[in-house]
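Worksheet: one structure, shown below.
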Amino acid sequence: MSRQINQPSNQIKLTNVSLVRLKKGKKRFEIACYKNKVMEWRSGIETDLDNVLQIPNVFLNVSKGQTAPKEDLEKAFGKGKSTDDIVLEILKKGELQVGEKERAAQLERVHNEVIGIVASKLVDPRTKRVYTSGMIEKALDMLSSQAHNTDKDKSATASGAATPTPAAGNDGEARPRTKEHNWTGVVTTKSAKSQALEAMKALIAYQPIPVARARMRLRISCPTSVLKQAVKVAKGAAKEEDGEQKAPGTVKDKILGYVEQVENQDVMGSEWEVVGFVEPGAFKALSDFIGNETRGQGRVEVLDMAVTHED
């Protein structure tokens, strides 16, 4: 004889859920959100909380459907705060809980993005050629291994072992590792852009392979008749990673957006010309943009590769 199990009428069943947890005082509070929406909200892509929250309640335990009592909320967050204010605080400051597979996939995505950014901005100063993503990845792995070994050596030194000799750079001089340029690997708690900057500083400081920041010196020509035309932007393409809304602007604005440093610009008859420096990784996108917007009338000419070292 089968027996029907009666579920409590107030049980909240949530599926496809991501939890955001915040420890406040001696209690841990949780909110139930839709997967992928938390990061979109934090980056500014998603602005409607109804699309982020599965239910606008604060919980002590989401999986058990245990909502947080009013007294606990007042004690932790202060009296007079609305549920919406508390939810926003947890959403901003809380730790996003994800599964192992999701965490691994997120880490891989950020890792690939970091490697791609670094590979587009560094060159071999001897040949002035960009490195492949594989070479950059190996170089960063070397730095990460050295950092972990240094931590072990510090522990050994504290225990009475001998102090290791700093590794020599490509110039043969010993380079003491500083905390500022210490590369230990990619994490998911920082943006890919900020981590790529850290990675580049570490590579330039310790030179596991010969690297330097690179910029291409270009001459860009474009008919003046198209300069003031508005740029057509695909839906959703105007958002940057940090969530800041970027105005599409004109063709001229877009071209100058690729140029890190303008050397000179001038109008000669019906043609506008600018000479300036562009990162190698942006060269193809700039060339494609000018080709499309000017229907083949614009030109991009490589004048030189300029290498600049960064501290």
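Chain labels run A, B, ... following the order of the structure tokens; each chain numbers its residues from 1, and ligands are numbered from 1 in the order shown.
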Requested in this report: Tell me which protein, DNA and RNA residues are within 12 Å of A:Asp85, counting only C-alpha atoms, leaving out same-chain ones fewer than 5 positions away, and put them as a list in words.
Outcome: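 With the cut-off at 12 Å, the set is Leu49, Pro56, Asn57, Val58, Leu73, Glu74, Phe77, Gly78, Lys79, Gly80, Ile90, Leu91 and Lys92 of chain A.
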> With only C-alpha atoms as the basis for distance, which of A:Asp124, A:Glu100, A:Glu108, A:Glu95 is at the shortest distance from A:Ala212?
Replying inline: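 Closest residue, counting only C-alpha atoms: A:Asp124.
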**Message:** Taking only stretch 5-232 of chain A into account, list the residues labelled strand (DSSP E) by DSSP (computed from the backbone), as an MDAnalysis selection string.
**Reply:** chainID A and resid 17:24 27:34 59:61 66:67 95:97 122:124 129:130 212:223
For A:Tyr34, please output as an mmCIF file with C-alpha atoms, in the first residue's frame all residues within 6 Å (counting only C-alpha atoms; exclusion window: fewer than 6 positions along the same chain).
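Saved to around-v1.cif:
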data_model
loop_
_atom_site.group_PDB
_atom_site.id
_atom_site.type_symbol
_atom_site.label_atom_id
_atom_site.label_comp_id
_atom_site.auth_asym_id
_atom_site.auth_seq_id
_atom_site.Cartn_x
_atom_site.Cartn_y
_atom_site.Cartn_z
ATOM 1 C CA VAL A 17 18.881 28.757 -7.980
ATOM 2 C CA SER A 18 22.037 30.636 -7.083
ATOM 3 C CA VAL A 52 17.556 38.716 -10.273
#
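Counting only C-alpha atoms, the residue from A:Ile55, A:Ala192, A:Met39, A:Ile255 that sits nearest to A:Thr294 is A:Ile255.
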query = Hey, what's within 9 Å of stretch 223-233 of chain A if we count only C-alpha atoms and toss same-chain stuff fewer than 6 positions away? As a PyMOL selection string, please?
reply = chain A and resi 248-254+267+269-273+293-294+297-298
